[in-house]
Number of protein chains: 2
Amino acid sequence: MAESNSHHVNPWSNELPEDYESLFRAFGMQKVDEKLVARLPKKNRLWRRGIIFAHRDFDKFLDAFEKGKPLAIMSGIKPSGDFHLGSKLTAEQIIFAQQAFKTKVFYCIADLEALADNGQELAASHEFAIQNVADLLALGLDVGEENAFVYKQSENKNIANLAFLASRKTTLATLDAIYGHQNLGLFSAALTQVGDIIQPQLAEFGGPKNVWVPVGLDQDPHIRLSRDITQKLSPSFLLPCATYQRLFRSLDGSSKMSKRDPMNVISLNDDPELAKKKVKRALSGGRATAEEQKRLGGEIQKCVVHELMFFHFEDDDEALKKFQHRCVSGAISCGDCKAEVAEKVAAFLKNFQEKKKKLLPKARKLLSEKTWQL
Amino acid sequence: MAESNSHHVNPWSNELPEDYESLFRAFGMQKVDEKLVARLPKKNRLWRRGIIFAHRDFDKFLDAFEKGKPLAIMSGIKPSGDFHLGSKLTAEQIIFAQQAFKTKVFYCIADLEALADNGQELAASHEFAIQNVADLLALGLDVGEENAFVYKQSENKNIANLAFLASRKTTLATLDAIYGHQNLGLFSAALTQVGDIIQPQLAEFGGPKNVWVPVGLDQDPHIRLSRDITQKLSPSFLLPCATYQRLFRSLDGSSKMSKRDPMNVISLNDDPELAKKKVKRALSGGRATAEEQKRLGGEIQKCVVHELMFFHFEDDDEALKKFQHRCVSGAISCGDCKAEVAEKVAAFLKNFQEKKKKLLPKARKLLSEKTWQL
């Protein structure tokens with residue numbers, strides 16, 4: 001207990017954990033190794049490149065897949081802004097799951113949390129949610145009834161009932177041990193997320209199943225709480241499994257990418273020209289002088305511009321290797337490299353935004369127009 | 001704070017507070033006095049006889065009534081059994097409010113609380129709820145859409161959303177000060193009750209209004225918590241007001257009447273012959289010998305049989321005085337008196353049960369058939 005207390009992960013802060021490995025060992029996660037990755041029916045770049053680096057019981061999800069048992073994947077967003085590159089990573093995971101495993105996607109619009117955290121009216125959340133659903137559609141999510149269940153927290157009674165029941169199955173001591181000392185409202189939000197994570201196993205959705213929740217490391221407290229409570233609600237429920245992806249850094253390299261810091265984030269709605277400028281001022285691994293750069297090569301492990309390619313904009317592993325080599329060999333200056341990456345980012349955004357625009361009416365149709373009000 | 005800590009009222013226990021007056025002074029309730037009672041448009045026996053002995057802001061409810069402003073009354077039941085004489089008292093208050101003040105009645109079937117507290121399936125609660133709604137109908141509640149809103153917690157999203165938002169507006173320290181050290185599940189149930197109490201002021205029901213919540217003294221913590229939170233949710237909401245009625249004792253006089261102790265409770269569904277037997281074994285204020293009884297009279301303040309008449313079965317104040325006089329004057333033995341009261345109780349039950357039986361189909365129709373399940 002003393003050990004875990006010194007390792008609180010706070011899902012409400014933007015700090016980057018300093019040492020991923022020791023952190024996940026302290027909490028008993030499993031490492032994603034080659035053997036696990038080899039079992040996947042398909043591999044996207046998040047799996048190929050170790051961006052997904054840890055898991056809890058994902059092997060059981062694979063067991064169930066191999067045996068043809070029912071599966072689901074669960075994710076969501078607080079609808080307070082446009083998708084950025086961080087939210088894109090998670091979206092790519094659920095779209096991957098839908099295609100590679102034929103799993104149903106449960107996608108939560110956390111409008112109640114936005115109201116409580118940010119005082120954001122549900123009607124405003126509704127508008128953001130339409131944007132976010134269009135983002136998902138443009139990235140490739142299939143929202144056919146068989147393949148996805150997209151819902152607003154404020155309109156979903158399952159979540160509320162599960163959160164209520166979950167509160168009876170936990171103690172303040174447990175919450176304190178998992179989250180550190182937080183206020184009651186944050187505990188309520190956490191229990192609501194437990195509801196989101198358990199929902200796919202309700203009778204209404206076909207009963208117990210393996211549910212995969214892809215998250216950033218900072219969301220692990222919600223996973224642990226959900227796993228703690230799930231079987232106390234019903235012994236027939238299966239423990240949800242989780243995968244943990246590396247946090248995508250803000251452009252200045254200072255913290256996790258977050259919509260709270262707009263100049264250091266690339267939003268999928270950014271004007272492509274603005275995005276280019278953002279890339280050009282991003283943290284790189286450049287040396288002090290052109291001579292040093294040629295002699296020593298760039299410090300690629302420091303470079304956010306490289307991360308843009310590694311995480312997002314170079315899907316081809318061979319091409320990525322060439323990109324990395326010309327940097328560490330000193331063959332390219334940061335300025336030239338940034339200009340090239342900036343063009344790639346801008347081209348992606350232009351293409352994405354054209355697709356999204358066409359999909360907005362579909363997104364609007366998908367979400368219940370009703371907005372609860374005080 | 002030290003003072004209020006020594007005066008915790010626990011709404012989950014059956015203990016009778018020993019000294020009503022000091023208790024309500026410690027918590028800052030107002031006393032129901034003649035001036036207040038004189039302002040009522042009508043007076044039922046609960047008001048005439050001081051059974052309603054304290055209040056919070058009920059004068060503001062009367063102000064609003066006199067000015068023709070919107071009003072509501074809010075009550076409910078945990079559907080885990082039949083109405084007994086205790087629940088009948090509260091029901092009579094809401095029916096009185098509906099008739100005397102033309103207020104809309106908000107009536108909560110606390111099926112979520114029954115699930116959480118007693119592990120009772122929602123389908124079972126649904127059946128109990130039908131019985132309870134038929135009880136209300138037989139006692140005279142008008143459930144026309146304009147005049148009543150009867151709902152199950154498990155099907156009502158307003159309550160869940162309000163409870164969620166309420167949790168953000170309170171702290172563990174506040175809950176601890178109001179309820180004493182309880183577990184998180186009881187706090188959730190309390191916040192759900194806050195949702196029940198605030199709901200009538202939602203835009204959906206016409207917005208802010210004076211809401212009267214008639215309760216037993218033991219429910220005061222919920223009232224205080226609701227009053228603490230209401231205006232933090234919206235400054236336009238009005239503080240709910242409350243009236244406090246004396247707790248109706250169990251037949252052996254040992255505690256509050258509760259369905260947890262079936263031999264010491266008169267249920268409105270009791271076979272009239274069984275009810276007669278229960279009355280005959282109830283605590284009375286009889287003397288040790290017939291001679292003493294004649295000489296000293298009965299100790300009427302100890303007598304639960306007298307309370308049956310005082311609270312329930314003698315609505316006529318003059319007749320009640322005669323009933324009291326023949327006791328304290330020693331003119332009647334406890335045996336004869338009990339036999340007479342037993343007949344009154346049995347006659348009431350017979351008549352009530354006939355009415356109720358006819359109203360069961362109407363009750364069944366009123367409640368949503370849907371039952372949420374894990």
# chains A, B, ... in the order shown; residues from 1 in each chain; ligands from 1

call {"tool": "residues_around", "arguments": {"residues": "region 309-321 of chain A", "least_positions_apart": "6", "cutoff": "9 Å", "atoms": "only C-alpha atoms", "output": "VMD selection string"}}
result
chain A and resid 44 to 46 48 to 49 51 85 88 to 89 248 341 344 to 345 348

call {"tool": "closest_atom_pairs", "arguments": {"of": "chain A", "to": "chain B", "cutoff": "6 Å", "atoms": "only C-alpha atoms", "output": "CSV"}}
result
residue,atom,partner,partner_atom,distance
A:Lys157,CA,B:Lys157,CA,6.0
A:Ala160,CA,B:Ala160,CA,5.7
A:Ser167,CA,B:Gly185,CA,4.9
A:Arg168,CA,B:Gly185,CA,3.9
A:Thr171,CA,B:Leu184,CA,5.8
A:Leu184,CA,B:Thr171,CA,5.7
A:Gly185,CA,B:Arg168,CA,3.9
A:Leu202,CA,B:Leu374,CA,5.2
A:Leu374,CA,B:Leu202,CA,5.2

call {"tool": "write_last_selection", "arguments": {"atoms": "N, CA, C and O atoms", "output": "PDB file, in the first residue's frame"}}
result
ATOM      1  N   LYS A 157     -29.480   5.591 -19.067  1.00  0.00           N
ATOM      2  CA  LYS A 157     -29.850   5.206 -17.700  1.00  0.00           C
ATOM      3  C   LYS A 157     -28.996   4.054 -17.180  1.00  0.00           C
ATOM      4  O   LYS A 157     -28.779   3.936 -15.976  1.00  0.00           O
ATOM      5  N   ALA A 160     -26.014   5.374 -15.233  1.00  0.00           N
ATOM      6  CA  ALA A 160     -26.387   5.932 -13.931  1.00  0.00           C
ATOM      7  C   ALA A 160     -26.698   4.827 -12.937  1.00  0.00           C
ATOM      8  O   ALA A 160     -26.248   4.864 -11.785  1.00  0.00           O
ATOM      9  N   SER A 167     -21.252   2.303  -6.445  1.00  0.00           N
ATOM     10  CA  SER A 167     -20.872   3.048  -5.236  1.00  0.00           C
ATOM     11  C   SER A 167     -21.078   2.204  -3.984  1.00  0.00           C
ATOM     12  O   SER A 167     -20.417   2.394  -2.979  1.00  0.00           O
ATOM     13  N   ARG A 168     -22.024   1.257  -4.073  1.00  0.00           N
ATOM     14  CA  ARG A 168     -22.284   0.379  -2.931  1.00  0.00           C
ATOM     15  C   ARG A 168     -21.225  -0.702  -2.785  1.00  0.00           C
ATOM     16  O   ARG A 168     -21.196  -1.401  -1.789  1.00  0.00           O
ATOM     17  N   THR A 171     -15.432   1.462  -1.280  1.00  0.00           N
ATOM     18  CA  THR A 171     -15.339   2.225  -0.040  1.00  0.00           C
ATOM     19  C   THR A 171     -14.502   3.466  -0.306  1.00  0.00           C
ATOM     20  O   THR A 171     -13.763   3.540  -1.279  1.00  0.00           O
ATOM     21  N   LEU A 184     -15.481  14.423  -3.735  1.00  0.00           N
ATOM     22  CA  LEU A 184     -16.561  13.480  -3.991  1.00  0.00           C
ATOM     23  C   LEU A 184     -17.024  13.514  -5.442  1.00  0.00           C
ATOM     24  O   LEU A 184     -17.400  12.481  -6.011  1.00  0.00           O
ATOM     25  N   GLY A 185     -16.995  14.684  -6.051  1.00  0.00           N
ATOM     26  CA  GLY A 185     -17.422  14.812  -7.439  1.00  0.00           C
ATOM     27  C   GLY A 185     -16.541  13.992  -8.370  1.00  0.00           C
ATOM     28  O   GLY A 185     -17.026  13.341  -9.297  1.00  0.00           O
ATOM     29  N   LEU A 202     -24.141  -5.883 -19.972  1.00  0.00           N
ATOM     30  CA  LEU A 202     -25.528  -5.979 -19.527  1.00  0.00           C
ATOM     31  C   LEU A 202     -26.317  -6.938 -20.423  1.00  0.00           C
ATOM     32  O   LEU A 202     -25.996  -7.117 -21.600  1.00  0.00           O
ATOM     33  N   LEU A 374     -31.328  21.570 -16.468  1.00  0.00           N
ATOM     34  CA  LEU A 374     -31.704  21.862 -15.075  1.00  0.00           C
ATOM     35  C   LEU A 374     -33.020  22.643 -15.042  1.00  0.00           C
ATOM     36  O   LEU A 374     -33.259  23.460 -15.910  1.00  0.00           O
TER      37      LEU A 374
END

call {"tool": "residues_around", "arguments": {"residues": "region 352-367 of chain A", "least_positions_apart": "2", "cutoff": "9 Å", "atoms": "only C-alpha atoms", "output": "list in words"}}
result
His126, Glu127, Ala129, Ile130, Gln131, Asn132, Val133, Ala134, Asp135, Leu136, Leu137, Ala138, Leu139, Val143, Val150, Tyr151, Lys152, Leu268, Asn269, Ala347, Phe348, Leu349, Lys350, Glu369 and Lys370 of chain A

call {"tool": "select_by_dssp", "arguments": {"residues": "region 211-312 of chain A", "states": "helix (DSSP H, G or I)", "output": "JSON, numbers by chain"}}
result
{"A": [217, 218, 219, 220, 221, 222, 223, 224, 225, 226, 227, 228, 229, 230, 231, 232, 233, 262, 263, 264, 272, 273, 274, 275, 276, 277, 278, 279, 280, 290, 291, 292, 293, 294, 295, 296, 300, 301, 302, 304, 305, 306, 307, 308, 309, 310, 311, 312]}

call {"tool": "write_last_selection", "arguments": {"atoms": "C-alpha atoms", "output": "CSV table (one decimal), in the first residue's frame"}}
result
chain,number,residue,atom,x,y,z
A,217,LEU,CA,-1.6,5.2,-18.9
A,218,ASP,CA,-3.1,8.1,-17.0
A,219,GLN,CA,-6.6,6.4,-17.2
A,220,ASP,CA,-5.4,3.3,-15.4
A,221,PRO,CA,-7.1,4.3,-12.1
A,222,HIS,CA,-10.5,3.9,-13.8
A,223,ILE,CA,-9.5,0.5,-15.1
A,224,ARG,CA,-8.4,-0.7,-11.7
A,225,LEU,CA,-11.6,0.6,-10.1
A,226,SER,CA,-13.7,-1.1,-12.8
A,227,ARG,CA,-11.9,-4.4,-12.4
A,228,ASP,CA,-12.3,-4.1,-8.6
A,229,ILE,CA,-16.1,-3.6,-8.9
A,230,THR,CA,-17.2,-5.6,-11.9
A,231,GLN,CA,-17.5,-9.1,-10.3
A,232,LYS,CA,-18.9,-7.6,-7.1
A,233,LEU,CA,-21.9,-6.5,-9.2
A,262,PRO,CA,-4.2,24.9,-28.0
A,263,MET,CA,-0.9,26.2,-29.3
A,264,ASN,CA,0.8,23.0,-28.4
A,272,PRO,CA,-3.6,23.2,-42.5
A,273,GLU,CA,-1.6,26.4,-42.7
A,274,LEU,CA,-1.8,27.0,-39.0
A,275,ALA,CA,-0.8,23.3,-38.4
A,276,LYS,CA,2.3,23.8,-40.5
A,277,LYS,CA,3.3,26.7,-38.4
A,278,LYS,CA,2.8,24.7,-35.2
A,279,VAL,CA,5.0,21.9,-36.6
A,280,LYS,CA,7.7,24.3,-37.4
A,290,ALA,CA,24.8,23.1,-38.3
A,291,GLU,CA,28.3,21.7,-38.0
A,292,GLU,CA,27.3,19.7,-34.8
A,293,GLN,CA,24.1,18.5,-36.5
A,294,LYS,CA,26.1,17.1,-39.4
A,295,ARG,CA,28.7,15.5,-37.2
A,296,LEU,CA,26.6,14.1,-34.4
A,300,ILE,CA,15.8,11.8,-32.3
A,301,GLN,CA,14.6,10.6,-28.9
A,302,LYS,CA,13.9,14.2,-27.8
A,304,VAL,CA,8.4,15.7,-31.2
A,305,VAL,CA,8.6,16.1,-34.9
A,306,HIS,CA,9.8,12.5,-35.2
A,307,GLU,CA,7.0,11.5,-32.8
A,308,LEU,CA,4.5,13.0,-35.3
A,309,MET,CA,5.8,10.6,-37.9
A,310,PHE,CA,6.3,7.7,-35.5
A,311,PHE,CA,2.8,7.9,-34.0
A,312,HIS,CA,0.8,9.3,-36.8

call {"tool": "residues_around", "arguments": {"residues": "region 334-337 of chain B", "least_positions_apart": "5", "cutoff": "9 Å", "atoms": "only C-alpha atoms", "output": "list in words"}}
result
Lys280, Ser284, Gly285, Gly286, Arg287, Gln293, Gly298, Val305, Phe323, Cys327 and Ala342 of chain B

call {"tool": "atom_distance", "arguments": {"atom1": "CA of Trp212 (chain B)", "atom2": "CA of Lys35 (chain B)"}}
result
18.7 Å

call {"tool": "residues_around", "arguments": {"residues": "Lys69 (chain A)", "least_positions_apart": "6", "cutoff": "12 Å", "atoms": "only C-alpha atoms", "output": "MDAnalysis selection string"}}
result
chainID A and resid 60:63 101:103 206:211

call {"tool": "write_last_selection", "arguments": {"atoms": "all heavy atoms", "output": "CSV table (one decimal), in the first residue's frame"}}
result
chain,number,residue,atom,x,y,z
A,60,LYS,N,-6.5,-12.5,-22.5
A,60,LYS,CA,-7.8,-13.2,-22.3
A,60,LYS,C,-8.7,-12.7,-23.4
A,60,LYS,O,-9.6,-13.5,-23.9
A,60,LYS,CB,-8.4,-12.9,-21.0
A,60,LYS,CG,-7.5,-13.6,-19.9
A,60,LYS,CD,-8.2,-13.6,-18.5
A,60,LYS,CE,-7.2,-14.2,-17.5
A,60,LYS,NZ,-7.4,-13.8,-16.2
A,61,PHE,N,-8.6,-11.5,-23.8
A,61,PHE,CA,-9.4,-11.0,-25.0
A,61,PHE,C,-9.1,-11.8,-26.2
A,61,PHE,O,-9.9,-12.2,-27.0
A,61,PHE,CB,-9.1,-9.5,-25.2
A,61,PHE,CG,-10.0,-8.8,-26.2
A,61,PHE,CD1,-11.2,-8.2,-25.9
A,61,PHE,CD2,-9.5,-8.7,-27.5
A,61,PHE,CE1,-12.0,-7.6,-26.9
A,61,PHE,CE2,-10.3,-8.1,-28.5
A,61,PHE,CZ,-11.5,-7.5,-28.2
A,62,LEU,N,-7.7,-12.0,-26.4
A,62,LEU,CA,-7.3,-12.8,-27.6
A,62,LEU,C,-7.8,-14.2,-27.5
A,62,LEU,O,-8.2,-14.8,-28.5
A,62,LEU,CB,-5.8,-12.7,-27.7
A,62,LEU,CG,-5.2,-11.4,-28.1
A,62,LEU,CD1,-3.7,-11.4,-28.1
A,62,LEU,CD2,-5.7,-11.0,-29.5
A,63,ASP,N,-7.7,-14.8,-26.3
A,63,ASP,CA,-8.3,-16.2,-26.1
A,63,ASP,C,-9.7,-16.2,-26.5
A,63,ASP,O,-10.1,-17.1,-27.3
A,63,ASP,CB,-8.2,-16.6,-24.6
A,63,ASP,CG,-6.8,-16.8,-24.0
A,63,ASP,OD1,-5.9,-16.9,-24.8
A,63,ASP,OD2,-6.7,-16.8,-22.8
A,101,PHE,N,-11.2,-7.5,-35.3
A,101,PHE,CA,-11.8,-8.5,-34.4
A,101,PHE,C,-13.3,-8.6,-34.6
A,101,PHE,O,-14.0,-9.3,-33.9
A,101,PHE,CB,-11.5,-8.1,-32.9
A,101,PHE,CG,-10.1,-8.2,-32.5
A,101,PHE,CD1,-9.3,-7.0,-32.4
A,101,PHE,CD2,-9.5,-9.4,-32.2
A,101,PHE,CE1,-8.0,-7.0,-32.1
A,101,PHE,CE2,-8.1,-9.4,-31.8
A,101,PHE,CZ,-7.4,-8.3,-31.8
A,102,LYS,N,-13.8,-7.7,-35.5
A,102,LYS,CA,-15.3,-7.6,-35.6
A,102,LYS,C,-16.0,-7.4,-34.3
A,102,LYS,O,-17.0,-8.0,-34.0
A,102,LYS,CB,-15.9,-8.9,-36.3
A,102,LYS,CG,-15.1,-9.4,-37.5
A,102,LYS,CD,-15.6,-8.9,-38.8
A,102,LYS,CE,-14.8,-9.3,-40.0
A,102,LYS,NZ,-14.1,-8.2,-40.6
A,103,THR,N,-15.4,-6.6,-33.5
A,103,THR,CA,-16.1,-6.3,-32.2
A,103,THR,C,-17.0,-5.1,-32.3
A,103,THR,O,-16.8,-4.2,-33.2
A,103,THR,CB,-15.1,-5.9,-31.1
A,103,THR,OG1,-14.4,-4.7,-31.5
A,103,THR,CG2,-14.0,-6.9,-30.8
A,206,GLY,N,-26.5,-8.5,-24.6
A,206,GLY,CA,-26.1,-9.9,-24.8
A,206,GLY,C,-25.4,-10.6,-23.7
A,206,GLY,O,-24.9,-11.7,-23.8
A,207,GLY,N,-25.2,-9.8,-22.6
A,207,GLY,CA,-24.7,-10.4,-21.4
A,207,GLY,C,-23.1,-10.4,-21.3
A,207,GLY,O,-22.5,-9.7,-22.1
A,208,PRO,N,-22.6,-11.2,-20.4
A,208,PRO,CA,-21.1,-11.2,-20.1
A,208,PRO,C,-20.3,-11.3,-21.4
A,208,PRO,O,-20.6,-12.1,-22.2
A,208,PRO,CB,-20.9,-12.3,-19.1
A,208,PRO,CG,-22.2,-12.4,-18.4
A,208,PRO,CD,-23.3,-12.1,-19.5
A,209,LYS,N,-19.2,-10.6,-21.4
A,209,LYS,CA,-18.3,-10.7,-22.6
A,209,LYS,C,-16.9,-10.1,-22.2
A,209,LYS,O,-16.8,-9.4,-21.2
A,209,LYS,CB,-18.9,-10.0,-23.8
A,209,LYS,CG,-19.2,-8.5,-23.6
A,209,LYS,CD,-19.7,-7.9,-24.9
A,209,LYS,CE,-21.0,-8.4,-25.4
A,209,LYS,NZ,-22.2,-8.2,-24.5
A,210,ASN,N,-15.9,-10.3,-23.0
A,210,ASN,CA,-14.6,-9.7,-22.8
A,210,ASN,C,-14.7,-8.3,-23.4
A,210,ASN,O,-14.9,-8.1,-24.6
A,210,ASN,CB,-13.5,-10.5,-23.5
A,210,ASN,CG,-13.2,-11.7,-22.7
A,210,ASN,OD1,-13.8,-12.8,-22.8
A,210,ASN,ND2,-12.2,-11.6,-21.8
A,211,VAL,N,-14.4,-7.3,-22.6
A,211,VAL,CA,-14.5,-5.9,-23.0
A,211,VAL,C,-13.1,-5.3,-23.0
A,211,VAL,O,-12.4,-5.4,-22.0
A,211,VAL,CB,-15.4,-5.0,-22.1
A,211,VAL,CG1,-15.4,-3.6,-22.6
A,211,VAL,CG2,-16.8,-5.6,-22.1

call {"tool": "atom_distance", "arguments": {"atom1": "CA of Phe27 (chain A)", "atom2": "CA of Pro240 (chain A)"}}
result
16.0 Å

call {"tool": "residues_around", "arguments": {"residues": "Glu34 (chain B)", "least_positions_apart": "5", "cutoff": "12 Å", "atoms": "only C-alpha atoms", "output": "list in words"}}
result
Arg39, Leu40, Lys43, Trp47, Arg48, Arg49, Gly50, Ile52, Phe53 and Ala54 of chain B

call {"tool": "atom_distance", "arguments": {"atom1": "CA of Gly297 (chain B)", "atom2": "CA of Gln324 (chain B)"}}
result
10.2 Å

call {"tool": "residues_around", "arguments": {"residues": "Ala124 (chain A)", "least_positions_apart": "6", "cutoff": "10 Å", "atoms": "only C-alpha atoms", "output": "PDB file with C-alpha atoms, in the first residue's frame"}}
result
ATOM      1  CA  PRO A  79     -17.044  16.523 -25.737  1.00  0.00           C
ATOM      2  CA  SER A  80     -15.303  19.793 -24.980  1.00  0.00           C
ATOM      3  CA  ASP A 111     -21.393  15.143 -21.511  1.00  0.00           C
ATOM      4  CA  ALA A 114     -18.161  17.977 -19.125  1.00  0.00           C
ATOM      5  CA  LEU A 115     -21.049  19.629 -17.299  1.00  0.00           C
ATOM      6  CA  THR A 371     -30.662  17.610 -24.165  1.00  0.00           C
TER       7      THR A 371
END
